[in-house]
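Trainee: Data file model13.pdb (PDB, C-alpha atoms) is appended below.
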```
ATOM      1  CA  MET A 185     -10.851 -18.552 -26.360  1.00  0.00           C
ATOM      2  CA  ILE A 186      -7.928 -16.116 -26.484  1.00  0.00           C
ATOM      3  CA  GLY A 187      -8.258 -13.322 -29.036  1.00  0.00           C
ATOM      4  CA  ILE A 188      -5.029 -11.953 -30.526  1.00  0.00           C
ATOM      5  CA  ILE A 189      -5.225  -8.624 -32.355  1.00  0.00           C
ATOM      6  CA  ASP A 190      -3.794  -9.012 -35.869  1.00  0.00           C
ATOM      7  CA  TYR A 191      -2.634  -5.628 -37.178  1.00  0.00           C
ATOM      8  CA  ASN A 192      -0.535  -6.952 -40.074  1.00  0.00           C
ATOM      9  CA  MET A 193       2.830  -6.372 -38.408  1.00  0.00           C
ATOM     10  CA  GLY A 194       5.494  -8.044 -36.382  1.00  0.00           C
ATOM     11  CA  ASN A 195       5.761 -11.389 -34.717  1.00  0.00           C
ATOM     12  CA  LEU A 196       2.133 -12.475 -34.643  1.00  0.00           C
ATOM     13  CA  ARG A 197       3.021 -16.059 -35.576  1.00  0.00           C
ATOM     14  CA  ASN A 198       5.377 -16.333 -32.571  1.00  0.00           C
ATOM     15  CA  VAL A 199       2.592 -15.215 -30.220  1.00  0.00           C
ATOM     16  CA  VAL A 200       0.103 -17.670 -31.735  1.00  0.00           C
ATOM     17  CA  ASN A 201       2.663 -20.497 -31.565  1.00  0.00           C
ATOM     18  CA  ALA A 202       3.467 -19.757 -27.913  1.00  0.00           C
ATOM     19  CA  PHE A 203      -0.168 -19.967 -26.859  1.00  0.00           C
ATOM     20  CA  GLU A 204      -0.754 -23.098 -28.929  1.00  0.00           C
ATOM     21  CA  LYS A 205       2.359 -24.664 -27.387  1.00  0.00           C
ATOM     22  CA  ILE A 206       0.806 -24.305 -23.925  1.00  0.00           C
ATOM     23  CA  GLY A 207      -2.443 -25.849 -25.204  1.00  0.00           C
ATOM     24  CA  GLU A 208      -4.617 -22.758 -25.714  1.00  0.00           C
ATOM     25  CA  ASP A 209      -7.120 -22.046 -28.489  1.00  0.00           C
ATOM     26  CA  VAL A 210      -6.600 -18.686 -30.173  1.00  0.00           C
ATOM     27  CA  ARG A 211      -8.568 -16.525 -32.586  1.00  0.00           C
ATOM     28  CA  LEU A 212      -6.949 -13.844 -34.739  1.00  0.00           C
ATOM     29  CA  ILE A 213      -8.869 -10.574 -34.450  1.00  0.00           C
ATOM     30  CA  LYS A 214      -9.018  -8.207 -37.433  1.00  0.00           C
ATOM     31  CA  ASN A 215     -12.277  -6.385 -36.725  1.00  0.00           C
ATOM     32  CA  PRO A 216     -14.271  -5.345 -33.650  1.00  0.00           C
ATOM     33  CA  ASP A 217     -17.058  -7.909 -34.123  1.00  0.00           C
ATOM     34  CA  GLN A 218     -14.541 -10.716 -33.619  1.00  0.00           C
ATOM     35  CA  MET A 219     -13.889  -9.499 -30.064  1.00  0.00           C
ATOM     36  CA  ASN A 220     -17.277 -10.675 -28.829  1.00  0.00           C
ATOM     37  CA  GLU A 221     -17.337 -13.726 -26.553  1.00  0.00           C
ATOM     38  CA  LEU A 222     -13.612 -13.873 -25.836  1.00  0.00           C
ATOM     39  CA  ASP A 223     -12.186 -15.165 -22.583  1.00  0.00           C
ATOM     40  CA  LYS A 224      -8.982 -13.114 -22.896  1.00  0.00           C
ATOM     41  CA  LEU A 225      -7.513 -10.495 -25.248  1.00  0.00           C
ATOM     42  CA  VAL A 226      -3.882 -10.046 -26.366  1.00  0.00           C
ATOM     43  CA  LEU A 227      -2.377  -7.045 -28.143  1.00  0.00           C
ATOM     44  CA  PRO A 228       1.067  -8.174 -29.352  1.00  0.00           C
ATOM     45  CA  GLY A 229       3.700  -5.726 -30.321  1.00  0.00           C
ATOM     46  CA  VAL A 230       6.265  -5.164 -32.986  1.00  0.00           C
ATOM     47  CA  GLY A 231       6.236  -2.028 -35.108  1.00  0.00           C
ATOM     48  CA  ALA A 232       5.620   1.675 -34.663  1.00  0.00           C
ATOM     49  CA  PHE A 233       3.221   3.306 -32.211  1.00  0.00           C
ATOM     50  CA  GLY A 234       1.635   5.528 -34.882  1.00  0.00           C
ATOM     51  CA  SER A 235       1.083   2.678 -37.340  1.00  0.00           C
ATOM     52  CA  LEU A 236      -0.577   0.515 -34.682  1.00  0.00           C
ATOM     53  CA  MET A 237      -2.937   3.265 -33.557  1.00  0.00           C
ATOM     54  CA  GLN A 238      -3.746   4.148 -37.184  1.00  0.00           C
ATOM     55  CA  PHE A 239      -4.673   0.511 -37.887  1.00  0.00           C
ATOM     56  CA  LEU A 240      -6.875   0.341 -34.788  1.00  0.00           C
ATOM     57  CA  ASP A 241      -8.651   3.586 -35.729  1.00  0.00           C
ATOM     58  CA  GLU A 242      -9.104   2.703 -39.412  1.00  0.00           C
ATOM     59  CA  ASN A 243     -10.582  -0.665 -38.441  1.00  0.00           C
ATOM     60  CA  ASN A 244     -12.831   0.745 -35.680  1.00  0.00           C
ATOM     61  CA  MET A 245     -11.031  -1.316 -33.053  1.00  0.00           C
ATOM     62  CA  ARG A 246      -9.889   1.364 -30.584  1.00  0.00           C
ATOM     63  CA  ASP A 247     -13.239   1.714 -28.811  1.00  0.00           C
ATOM     64  CA  LYS A 248     -13.915  -2.031 -28.836  1.00  0.00           C
ATOM     65  CA  ILE A 249     -10.525  -2.784 -27.252  1.00  0.00           C
ATOM     66  CA  ILE A 250     -11.184  -0.189 -24.551  1.00  0.00           C
ATOM     67  CA  GLU A 251     -14.709  -1.533 -23.992  1.00  0.00           C
ATOM     68  CA  THR A 252     -13.419  -5.115 -23.790  1.00  0.00           C
ATOM     69  CA  ILE A 253     -10.747  -4.201 -21.242  1.00  0.00           C
ATOM     70  CA  GLN A 254     -13.198  -2.119 -19.204  1.00  0.00           C
ATOM     71  CA  SER A 255     -15.579  -5.104 -19.103  1.00  0.00           C
ATOM     72  CA  ASN A 256     -12.912  -6.939 -17.040  1.00  0.00           C
ATOM     73  CA  ILE A 257     -11.823  -9.361 -19.770  1.00  0.00           C
ATOM     74  CA  PRO A 258      -8.187 -10.280 -18.937  1.00  0.00           C
ATOM     75  CA  PHE A 259      -5.866  -8.313 -21.227  1.00  0.00           C
ATOM     76  CA  LEU A 260      -2.217  -8.935 -22.099  1.00  0.00           C
ATOM     77  CA  GLY A 261      -0.195  -6.228 -23.849  1.00  0.00           C
ATOM     78  CA  ILE A 262       3.206  -7.222 -25.244  1.00  0.00           C
ATOM     79  CA  CYS A 263       5.902  -4.632 -26.085  1.00  0.00           C
ATOM     80  CA  LEU A 264       4.104  -2.165 -28.389  1.00  0.00           C
ATOM     81  CA  GLY A 265       0.825  -3.567 -27.039  1.00  0.00           C
ATOM     82  CA  TYR A 266       2.030  -2.431 -23.592  1.00  0.00           C
ATOM     83  CA  GLN A 267       3.002   1.021 -24.839  1.00  0.00           C
ATOM     84  CA  ALA A 268      -0.376   1.478 -26.578  1.00  0.00           C
ATOM     85  CA  LEU A 269      -2.132   1.469 -23.188  1.00  0.00           C
ATOM     86  CA  PHE A 270      -0.693   4.925 -22.415  1.00  0.00           C
ATOM     87  CA  GLU A 271      -1.793   8.370 -23.567  1.00  0.00           C
ATOM     88  CA  LYS A 272       0.947   9.160 -26.085  1.00  0.00           C
ATOM     89  CA  SER A 273       4.421   8.295 -27.353  1.00  0.00           C
ATOM     90  CA  GLU A 274       7.441  10.340 -28.390  1.00  0.00           C
ATOM     91  CA  GLU A 275       7.745   7.926 -31.314  1.00  0.00           C
ATOM     92  CA  SER A 276       4.599   9.372 -32.916  1.00  0.00           C
ATOM     93  CA  PRO A 277       3.922  12.930 -31.725  1.00  0.00           C
ATOM     94  CA  GLY A 278       0.269  13.941 -31.926  1.00  0.00           C
ATOM     95  CA  VAL A 279      -1.007  10.328 -32.021  1.00  0.00           C
ATOM     96  CA  ARG A 280      -3.291   9.288 -29.162  1.00  0.00           C
ATOM     97  CA  GLY A 281      -2.725   5.977 -27.434  1.00  0.00           C
ATOM     98  CA  LEU A 282      -5.569   4.017 -25.866  1.00  0.00           C
ATOM     99  CA  GLY A 283      -5.286   6.255 -22.806  1.00  0.00           C
ATOM    100  CA  LEU A 284      -6.216   3.533 -20.329  1.00  0.00           C
ATOM    101  CA  LEU A 285      -3.135   4.333 -18.246  1.00  0.00           C
ATOM    102  CA  GLU A 286      -1.835   7.774 -17.396  1.00  0.00           C
ATOM    103  CA  GLY A 287       1.653   8.462 -18.682  1.00  0.00           C
ATOM    104  CA  LYS A 288       3.655   8.647 -21.891  1.00  0.00           C
ATOM    105  CA  VAL A 289       6.147   6.533 -23.792  1.00  0.00           C
ATOM    106  CA  VAL A 290       9.663   7.953 -24.167  1.00  0.00           C
ATOM    107  CA  ARG A 291      12.812   6.962 -26.058  1.00  0.00           C
ATOM    108  CA  PHE A 292      15.762   5.509 -24.162  1.00  0.00           C
ATOM    109  CA  SER A 293      18.099   8.373 -23.356  1.00  0.00           C
ATOM    110  CA  SER A 294      21.326   6.338 -23.440  1.00  0.00           C
ATOM    111  CA  GLY A 295      22.791   2.974 -24.347  1.00  0.00           C
ATOM    112  CA  LYS A 296      22.623   1.141 -27.650  1.00  0.00           C
ATOM    113  CA  ILE A 297      19.180   1.728 -29.153  1.00  0.00           C
ATOM    114  CA  PRO A 298      17.244  -0.417 -29.659  1.00  0.00           C
ATOM    115  CA  GLN A 299      17.850  -2.696 -26.705  1.00  0.00           C
ATOM    116  CA  ILE A 300      17.974  -6.162 -28.257  1.00  0.00           C
ATOM    117  CA  GLY A 301      18.490  -9.351 -26.312  1.00  0.00           C
ATOM    118  CA  TRP A 302      18.101 -10.932 -22.908  1.00  0.00           C
ATOM    119  CA  ASN A 303      17.839  -8.769 -19.806  1.00  0.00           C
ATOM    120  CA  MET A 304      16.961  -9.380 -16.172  1.00  0.00           C
ATOM    121  CA  VAL A 305      13.385  -8.673 -15.121  1.00  0.00           C
ATOM    122  CA  ASN A 306      13.053  -7.979 -11.409  1.00  0.00           C
ATOM    123  CA  SER A 307       9.612  -8.960 -10.193  1.00  0.00           C
ATOM    124  CA  ILE A 308       7.795  -6.717  -7.740  1.00  0.00           C
ATOM    125  CA  LYS A 309       4.442  -8.518  -7.874  1.00  0.00           C
ATOM    126  CA  ILE A 310       5.348 -12.199  -7.926  1.00  0.00           C
ATOM    127  CA  ASP A 311       1.947 -13.669  -8.756  1.00  0.00           C
ATOM    128  CA  LEU A 312       2.501 -13.455 -12.541  1.00  0.00           C
ATOM    129  CA  ILE A 313       6.161 -12.636 -13.140  1.00  0.00           C
ATOM    130  CA  LYS A 314       9.090 -14.551 -11.756  1.00  0.00           C
ATOM    131  CA  SER A 315      12.417 -12.706 -11.661  1.00  0.00           C
ATOM    132  CA  ASP A 316      14.482 -14.080 -14.542  1.00  0.00           C
ATOM    133  CA  TYR A 317      15.925 -13.178 -17.941  1.00  0.00           C
ATOM    134  CA  TYR A 318      13.441 -12.308 -20.700  1.00  0.00           C
ATOM    135  CA  TYR A 319      13.910 -11.213 -24.307  1.00  0.00           C
ATOM    136  CA  PHE A 320      13.611  -7.517 -25.261  1.00  0.00           C
ATOM    137  CA  VAL A 321      13.542  -5.567 -28.515  1.00  0.00           C
ATOM    138  CA  ASN A 322      12.695  -1.936 -27.749  1.00  0.00           C
ATOM    139  CA  SER A 323      13.732   1.662 -28.225  1.00  0.00           C
ATOM    140  CA  TYR A 324      10.936   3.172 -26.109  1.00  0.00           C
ATOM    141  CA  ILE A 325       9.657   2.698 -22.563  1.00  0.00           C
ATOM    142  CA  PRO A 326       6.619   4.020 -20.698  1.00  0.00           C
ATOM    143  CA  LYS A 327       7.040   6.663 -18.007  1.00  0.00           C
ATOM    144  CA  ILE A 328       4.107   5.825 -15.792  1.00  0.00           C
ATOM    145  CA  ALA A 329       2.233   8.169 -13.493  1.00  0.00           C
ATOM    146  CA  ASP A 330       1.106   5.649 -10.856  1.00  0.00           C
ATOM    147  CA  ASN A 331       3.746   3.422  -9.269  1.00  0.00           C
ATOM    148  CA  SER A 332       1.132   1.183  -7.648  1.00  0.00           C
ATOM    149  CA  TYR A 333       0.746  -0.954 -10.764  1.00  0.00           C
ATOM    150  CA  ILE A 334       4.440  -1.638 -11.358  1.00  0.00           C
ATOM    151  CA  ALA A 335       4.850  -5.418 -11.629  1.00  0.00           C
ATOM    152  CA  ALA A 336       8.526  -5.550 -12.648  1.00  0.00           C
ATOM    153  CA  THR A 337      11.520  -3.389 -13.437  1.00  0.00           C
ATOM    154  CA  THR A 338      14.596  -3.839 -15.598  1.00  0.00           C
ATOM    155  CA  ASP A 339      17.906  -2.010 -15.808  1.00  0.00           C
ATOM    156  CA  TYR A 340      19.154  -0.719 -19.140  1.00  0.00           C
ATOM    157  CA  TYR A 341      21.347   2.313 -18.498  1.00  0.00           C
ATOM    158  CA  GLY A 342      18.921   3.073 -15.675  1.00  0.00           C
ATOM    159  CA  SER A 343      15.856   1.378 -14.261  1.00  0.00           C
ATOM    160  CA  PHE A 344      12.576   1.269 -16.197  1.00  0.00           C
ATOM    161  CA  VAL A 345       9.180  -0.359 -15.707  1.00  0.00           C
ATOM    162  CA  SER A 346       9.238  -3.564 -17.738  1.00  0.00           C
ATOM    163  CA  ALA A 347       5.785  -4.856 -16.687  1.00  0.00           C
ATOM    164  CA  ILE A 348       2.592  -3.554 -15.139  1.00  0.00           C
ATOM    165  CA  GLN A 349      -0.393  -5.221 -13.526  1.00  0.00           C
ATOM    166  CA  ILE A 350      -3.600  -3.428 -12.613  1.00  0.00           C
ATOM    167  CA  LYS A 351      -6.966  -5.149 -12.222  1.00  0.00           C
ATOM    168  CA  ASN A 352      -7.452  -7.247 -15.397  1.00  0.00           C
ATOM    169  CA  ILE A 353      -4.586  -5.563 -17.303  1.00  0.00           C
ATOM    170  CA  PHE A 354      -1.170  -7.198 -17.483  1.00  0.00           C
ATOM    171  CA  ALA A 355       1.457  -5.892 -19.890  1.00  0.00           C
ATOM    172  CA  THR A 356       5.148  -6.419 -20.530  1.00  0.00           C
ATOM    173  CA  GLN A 357       7.828  -4.500 -22.388  1.00  0.00           C
ATOM    174  CA  PHE A 358       9.630  -7.793 -23.032  1.00  0.00           C
ATOM    175  CA  HIS A 359       8.459 -10.588 -25.313  1.00  0.00           C
ATOM    176  CA  PRO A 360       7.305 -13.670 -23.372  1.00  0.00           C
ATOM    177  CA  GLU A 361       6.677 -15.481 -26.666  1.00  0.00           C
ATOM    178  CA  ARG A 362      10.401 -15.160 -27.474  1.00  0.00           C
ATOM    179  CA  SER A 363      11.670 -15.874 -23.959  1.00  0.00           C
ATOM    180  CA  GLY A 364      11.804 -19.668 -24.083  1.00  0.00           C
ATOM    181  CA  ARG A 365      10.667 -21.715 -21.107  1.00  0.00           C
ATOM    182  CA  VAL A 366      10.432 -18.750 -18.730  1.00  0.00           C
ATOM    183  CA  GLY A 367       8.173 -16.908 -21.184  1.00  0.00           C
ATOM    184  CA  LEU A 368       5.905 -19.901 -21.706  1.00  0.00           C
ATOM    185  CA  ASP A 369       5.646 -20.318 -17.931  1.00  0.00           C
ATOM    186  CA  LEU A 370       4.586 -16.682 -17.635  1.00  0.00           C
ATOM    187  CA  LEU A 371       1.921 -17.138 -20.335  1.00  0.00           C
ATOM    188  CA  ARG A 372       0.582 -20.216 -18.495  1.00  0.00           C
ATOM    189  CA  ARG A 373       0.301 -18.224 -15.275  1.00  0.00           C
ATOM    190  CA  TRP A 374      -1.508 -15.413 -17.108  1.00  0.00           C
ATOM    191  CA  VAL A 375      -3.939 -17.830 -18.745  1.00  0.00           C
ATOM    192  CA  ASN A 376      -4.708 -19.394 -15.360  1.00  0.00           C
ATOM    193  CA  CYS A 377      -5.028 -16.175 -13.344  1.00  0.00           C
TER     194      CYS A 377
END
```
So that I can check it, write out the structure of this file as structure tokens.
Mentor:
Amino acid sequence: MIGIIDYNMGNLRNVVNAFEKIGEDVRLIKNPDQMNELDKLVLPGVGAFGSLMQFLDENNMRDKIIETIQSNIPFLGICLGYQALFEKSEESPGVRGLGLLEGKVVRFSSGKIPQIGWNMVNSIKIDLIKSDYYYFVNSYIPKIADNSYIAATTDYYGSFVSAIQIKNIFATQFHPERSGRVGLDLLRRWVNC
């Protein structure tokens, strides 16, 4: 069973549909008790960093998400769900992220903001990500402290880390659920890893 955190924002239906399209059973998670007995956990992402963290705190989900990830349950963070893994974000000064990864989320310094559309993802760790074009909608990107967990990079007026992989954590700045065949293939590989 794949649990998908439902925080009342964004493209949740697209994420659910993508997993169902590849034959997976999903459960929408709105409270910490629903995270028990999951095989995998997904934090999707559309919206603002501060609003997401506020929802998680108000619904007592922050600690349960951290506990679930630290118990080696495979975790997938998508876009904002990727950014939430870090300590803080310029988008919401003073708001703590999950703090599972050292670093902060910063706004693009140039180019049209937000980045919207297809962009090349250059795989560094090829076990999950294949180099190809994926769909992005983002104004912010993580500046990570440890280069050892970089899984892919992308160029948008300079190179940035578009995916990370460390132990049971896999997260992408792009949206696999909106990336057609290549995105569904990535989700299949993640499910089977």
Trainee: Dump as a VMD selection string all residues having an atom at most 12 Å from (-3.2, -8.6, -16.3), computed in the file's coordinates with all atoms listed in the file.
Mentor: chain A and resid 224 to 227 253 256 to 262 266 309 311 to 313 333 to 335 347 to 356 370 to 371 373 to 377
Trainee: For the selection you just gave me, I'd like the residues written to a file as a CSV table (one decimal), in the coordinates of the input, keeping C-alpha atoms.
Mentor:
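Saved the output as result17.csv:
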```
chain,number,residue,atom,x,y,z
A,224,LYS,CA,-9.0,-13.1,-22.9
A,225,LEU,CA,-7.5,-10.5,-25.2
A,226,VAL,CA,-3.9,-10.0,-26.4
A,227,LEU,CA,-2.4,-7.0,-28.1
A,253,ILE,CA,-10.7,-4.2,-21.2
A,256,ASN,CA,-12.9,-6.9,-17.0
A,257,ILE,CA,-11.8,-9.4,-19.8
A,258,PRO,CA,-8.2,-10.3,-18.9
A,259,PHE,CA,-5.9,-8.3,-21.2
A,260,LEU,CA,-2.2,-8.9,-22.1
A,261,GLY,CA,-0.2,-6.2,-23.8
A,262,ILE,CA,3.2,-7.2,-25.2
A,266,TYR,CA,2.0,-2.4,-23.6
A,309,LYS,CA,4.4,-8.5,-7.9
A,311,ASP,CA,1.9,-13.7,-8.8
A,312,LEU,CA,2.5,-13.5,-12.5
A,313,ILE,CA,6.2,-12.6,-13.1
A,333,TYR,CA,0.7,-1.0,-10.8
A,334,ILE,CA,4.4,-1.6,-11.4
A,335,ALA,CA,4.8,-5.4,-11.6
A,347,ALA,CA,5.8,-4.9,-16.7
A,348,ILE,CA,2.6,-3.6,-15.1
A,349,GLN,CA,-0.4,-5.2,-13.5
A,350,ILE,CA,-3.6,-3.4,-12.6
A,351,LYS,CA,-7.0,-5.1,-12.2
A,352,ASN,CA,-7.5,-7.2,-15.4
A,353,ILE,CA,-4.6,-5.6,-17.3
A,354,PHE,CA,-1.2,-7.2,-17.5
A,355,ALA,CA,1.5,-5.9,-19.9
A,356,THR,CA,5.1,-6.4,-20.5
A,370,LEU,CA,4.6,-16.7,-17.6
A,371,LEU,CA,1.9,-17.1,-20.3
A,373,ARG,CA,0.3,-18.2,-15.3
A,374,TRP,CA,-1.5,-15.4,-17.1
A,375,VAL,CA,-3.9,-17.8,-18.7
A,376,ASN,CA,-4.7,-19.4,-15.4
A,377,CYS,CA,-5.0,-16.2,-13.3
```
Trainee: Can you turn the PyMOL selection byres ((chain A and resi 190) around 8) into a concrete residue list for this file, as number ranges by chain?
Mentor: A: 188-189, 191-193, 196, 212-214
Trainee: Taking C-alpha atoms for each residue, export the selection above as a PDB file, in the coordinates of the input.
Mentor:
```
ATOM      1  CA  ILE A 188      -5.029 -11.953 -30.526  1.00  0.00           C
ATOM      2  CA  ILE A 189      -5.225  -8.624 -32.355  1.00  0.00           C
ATOM      3  CA  TYR A 191      -2.634  -5.628 -37.178  1.00  0.00           C
ATOM      4  CA  ASN A 192      -0.535  -6.952 -40.074  1.00  0.00           C
ATOM      5  CA  MET A 193       2.830  -6.372 -38.408  1.00  0.00           C
ATOM      6  CA  LEU A 196       2.133 -12.475 -34.643  1.00  0.00           C
ATOM      7  CA  LEU A 212      -6.949 -13.844 -34.739  1.00  0.00           C
ATOM      8  CA  ILE A 213      -8.869 -10.574 -34.450  1.00  0.00           C
ATOM      9  CA  LYS A 214      -9.018  -8.207 -37.433  1.00  0.00           C
TER      10      LYS A 214
END
```
Trainee: Could you tell me how far atom CA of Tyr324 of chain A lies from atom CA of Gln254 of chain A, in Å and to one decimal?
Mentor: 25.7 Å
Trainee: Which residues, named as in the file, does the PyMOL selection byres ((chain A and resi 358) around 12) pick out? Answer as a PyMOL selection string.
Mentor: chain A and resi 228-230+260-267+299-305+313+316-325+336-338+344-348+355-357+359-363+366-367+370
Trainee: Report as a list of chain:residue names the residues that result from applying the PyMOL selection byres ((chain A and resi 238) around 12) to the structure here.
Mentor: A:Tyr191, A:Asn192, A:Gly231, A:Ala232, A:Phe233, A:Gly234, A:Ser235, A:Leu236, A:Met237, A:Phe239, A:Leu240, A:Asp241, A:Glu242, A:Asn243, A:Asn244, A:Met245, A:Arg246, A:Ala268, A:Ser276, A:Gly278, A:Val279, A:Arg280, A:Gly281, A:Leu282
Trainee: Report the distance between atom CA of Arg372 of chain A and atom CA of Ser332 of chain A in Å, rounded to one decimal place.
Mentor: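 We find that atom CA of Arg372 of chain A and atom CA of Ser332 of chain A lie 24.0 Å from each other.
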Trainee: Just to confirm, what's the straight-line distance from atom CA of Asp209 of chain A to atom CA of Arg197 of chain A in Å (one decimal)?
Mentor: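 About the pair atom CA of Asp209 of chain A and atom CA of Arg197 of chain A: they are 13.7 Å apart.
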Trainee: Using only C-alpha atoms, which of the listed residues (A:Glu286, A:Ser307, A:Lys327, A:Ser294) sits closest to Glu274 of chain A?
Mentor: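 Checking each candidate against Glu274 of chain A, we get A:Lys327 as the closest.
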Trainee: Do you know which residues are at most 7 Å from Gly283 of chain A counting only C-alpha atoms, after dropping those on the same chain fewer than 3 positions away, and could you put them as a ChimeraX atom specification?
Mentor: /A:269-271,286
Trainee: From the set A:Asp339, A:Ile328, A:Val210, A:Ile308, which residue has the shortest atom-to-atom contact distance to Gly287 of chain A, counting only C-alpha atoms?
Mentor: A:Ile328
Trainee: So, counting only C-alpha atoms, which residue among A:Leu368, A:Met219, A:Leu284, A:Val289 is closest to Asn201 of chain A?
Mentor: A:Leu368
Trainee: Complete segment 327-349 of chain A at the level of N, CA and C atoms, written as a PDB file, in the coordinates of the input.
Mentor:
```pdb
ATOM      1  N   LYS A 327       6.832   5.945 -19.263  1.00  0.00           N
ATOM      2  CA  LYS A 327       7.040   6.663 -18.007  1.00  0.00           C
ATOM      3  C   LYS A 327       5.660   6.745 -17.371  1.00  0.00           C
ATOM      4  N   ILE A 328       5.453   5.951 -16.337  1.00  0.00           N
ATOM      5  CA  ILE A 328       4.107   5.825 -15.792  1.00  0.00           C
ATOM      6  C   ILE A 328       3.873   6.828 -14.677  1.00  0.00           C
ATOM      7  N   ALA A 329       2.607   7.161 -14.485  1.00  0.00           N
ATOM      8  CA  ALA A 329       2.233   8.169 -13.493  1.00  0.00           C
ATOM      9  C   ALA A 329       1.897   7.557 -12.138  1.00  0.00           C
ATOM     10  N   ASP A 330       1.546   6.283 -12.102  1.00  0.00           N
ATOM     11  CA  ASP A 330       1.106   5.649 -10.856  1.00  0.00           C
ATOM     12  C   ASP A 330       1.978   4.428 -10.580  1.00  0.00           C
ATOM     13  N   ASN A 331       2.829   4.516  -9.579  1.00  0.00           N
ATOM     14  CA  ASN A 331       3.746   3.422  -9.269  1.00  0.00           C
ATOM     15  C   ASN A 331       3.061   2.196  -8.681  1.00  0.00           C
ATOM     16  N   SER A 332       1.802   2.305  -8.314  1.00  0.00           N
ATOM     17  CA  SER A 332       1.132   1.183  -7.648  1.00  0.00           C
ATOM     18  C   SER A 332       0.914  -0.010  -8.574  1.00  0.00           C
ATOM     19  N   TYR A 333       0.954   0.194  -9.875  1.00  0.00           N
ATOM     20  CA  TYR A 333       0.746  -0.954 -10.764  1.00  0.00           C
ATOM     21  C   TYR A 333       2.033  -1.463 -11.409  1.00  0.00           C
ATOM     22  N   ILE A 334       3.184  -1.075 -10.878  1.00  0.00           N
ATOM     23  CA  ILE A 334       4.440  -1.638 -11.358  1.00  0.00           C
ATOM     24  C   ILE A 334       4.520  -3.104 -10.939  1.00  0.00           C
ATOM     25  N   ALA A 335       4.718  -3.988 -11.913  1.00  0.00           N
ATOM     26  CA  ALA A 335       4.850  -5.418 -11.629  1.00  0.00           C
ATOM     27  C   ALA A 335       6.295  -5.880 -11.714  1.00  0.00           C
ATOM     28  N   ALA A 336       7.126  -5.171 -12.513  1.00  0.00           N
ATOM     29  CA  ALA A 336       8.526  -5.550 -12.648  1.00  0.00           C
ATOM     30  C   ALA A 336       9.321  -4.382 -13.207  1.00  0.00           C
ATOM     31  N   THR A 337      10.608  -4.392 -12.894  1.00  0.00           N
ATOM     32  CA  THR A 337      11.520  -3.389 -13.437  1.00  0.00           C
ATOM     33  C   THR A 337      12.718  -4.084 -14.071  1.00  0.00           C
ATOM     34  N   THR A 338      13.404  -3.338 -14.922  1.00  0.00           N
ATOM     35  CA  THR A 338      14.596  -3.839 -15.598  1.00  0.00           C
ATOM     36  C   THR A 338      15.592  -2.691 -15.679  1.00  0.00           C
ATOM     37  N   ASP A 339      16.870  -3.031 -15.691  1.00  0.00           N
ATOM     38  CA  ASP A 339      17.906  -2.010 -15.808  1.00  0.00           C
ATOM     39  C   ASP A 339      18.515  -2.041 -17.198  1.00  0.00           C
ATOM     40  N   TYR A 340      18.442  -0.905 -17.873  1.00  0.00           N
ATOM     41  CA  TYR A 340      19.154  -0.719 -19.140  1.00  0.00           C
ATOM     42  C   TYR A 340      19.616   0.733 -19.161  1.00  0.00           C
ATOM     43  N   TYR A 341      20.825   0.963 -18.687  1.00  0.00           N
ATOM     44  CA  TYR A 341      21.347   2.313 -18.498  1.00  0.00           C
ATOM     45  C   TYR A 341      20.399   3.129 -17.622  1.00  0.00           C
ATOM     46  N   GLY A 342      19.893   2.495 -16.599  1.00  0.00           N
ATOM     47  CA  GLY A 342      18.921   3.073 -15.675  1.00  0.00           C
ATOM     48  C   GLY A 342      17.715   2.160 -15.591  1.00  0.00           C
ATOM     49  N   SER A 343      17.009   2.248 -14.491  1.00  0.00           N
ATOM     50  CA  SER A 343      15.856   1.378 -14.261  1.00  0.00           C
ATOM     51  C   SER A 343      14.629   1.876 -15.027  1.00  0.00           C
ATOM     52  N   PHE A 344      13.857   0.923 -15.566  1.00  0.00           N
ATOM     53  CA  PHE A 344      12.576   1.269 -16.197  1.00  0.00           C
ATOM     54  C   PHE A 344      11.543   0.206 -15.849  1.00  0.00           C
ATOM     55  N   VAL A 345      10.279   0.558 -16.023  1.00  0.00           N
ATOM     56  CA  VAL A 345       9.180  -0.359 -15.707  1.00  0.00           C
ATOM     57  C   VAL A 345       9.002  -1.310 -16.880  1.00  0.00           C
ATOM     58  N   SER A 346       9.306  -2.582 -16.645  1.00  0.00           N
ATOM     59  CA  SER A 346       9.238  -3.564 -17.738  1.00  0.00           C
ATOM     60  C   SER A 346       7.944  -4.371 -17.732  1.00  0.00           C
ATOM     61  N   ALA A 347       7.102  -4.203 -16.694  1.00  0.00           N
ATOM     62  CA  ALA A 347       5.785  -4.856 -16.687  1.00  0.00           C
ATOM     63  C   ALA A 347       4.876  -4.139 -15.701  1.00  0.00           C
ATOM     64  N   ILE A 348       3.597  -4.135 -16.034  1.00  0.00           N
ATOM     65  CA  ILE A 348       2.592  -3.554 -15.139  1.00  0.00           C
ATOM     66  C   ILE A 348       1.459  -4.559 -14.935  1.00  0.00           C
ATOM     67  N   GLN A 349       0.781  -4.403 -13.822  1.00  0.00           N
ATOM     68  CA  GLN A 349      -0.393  -5.221 -13.526  1.00  0.00           C
ATOM     69  C   GLN A 349      -1.370  -4.366 -12.745  1.00  0.00           C
TER      70      GLN A 349
END
```
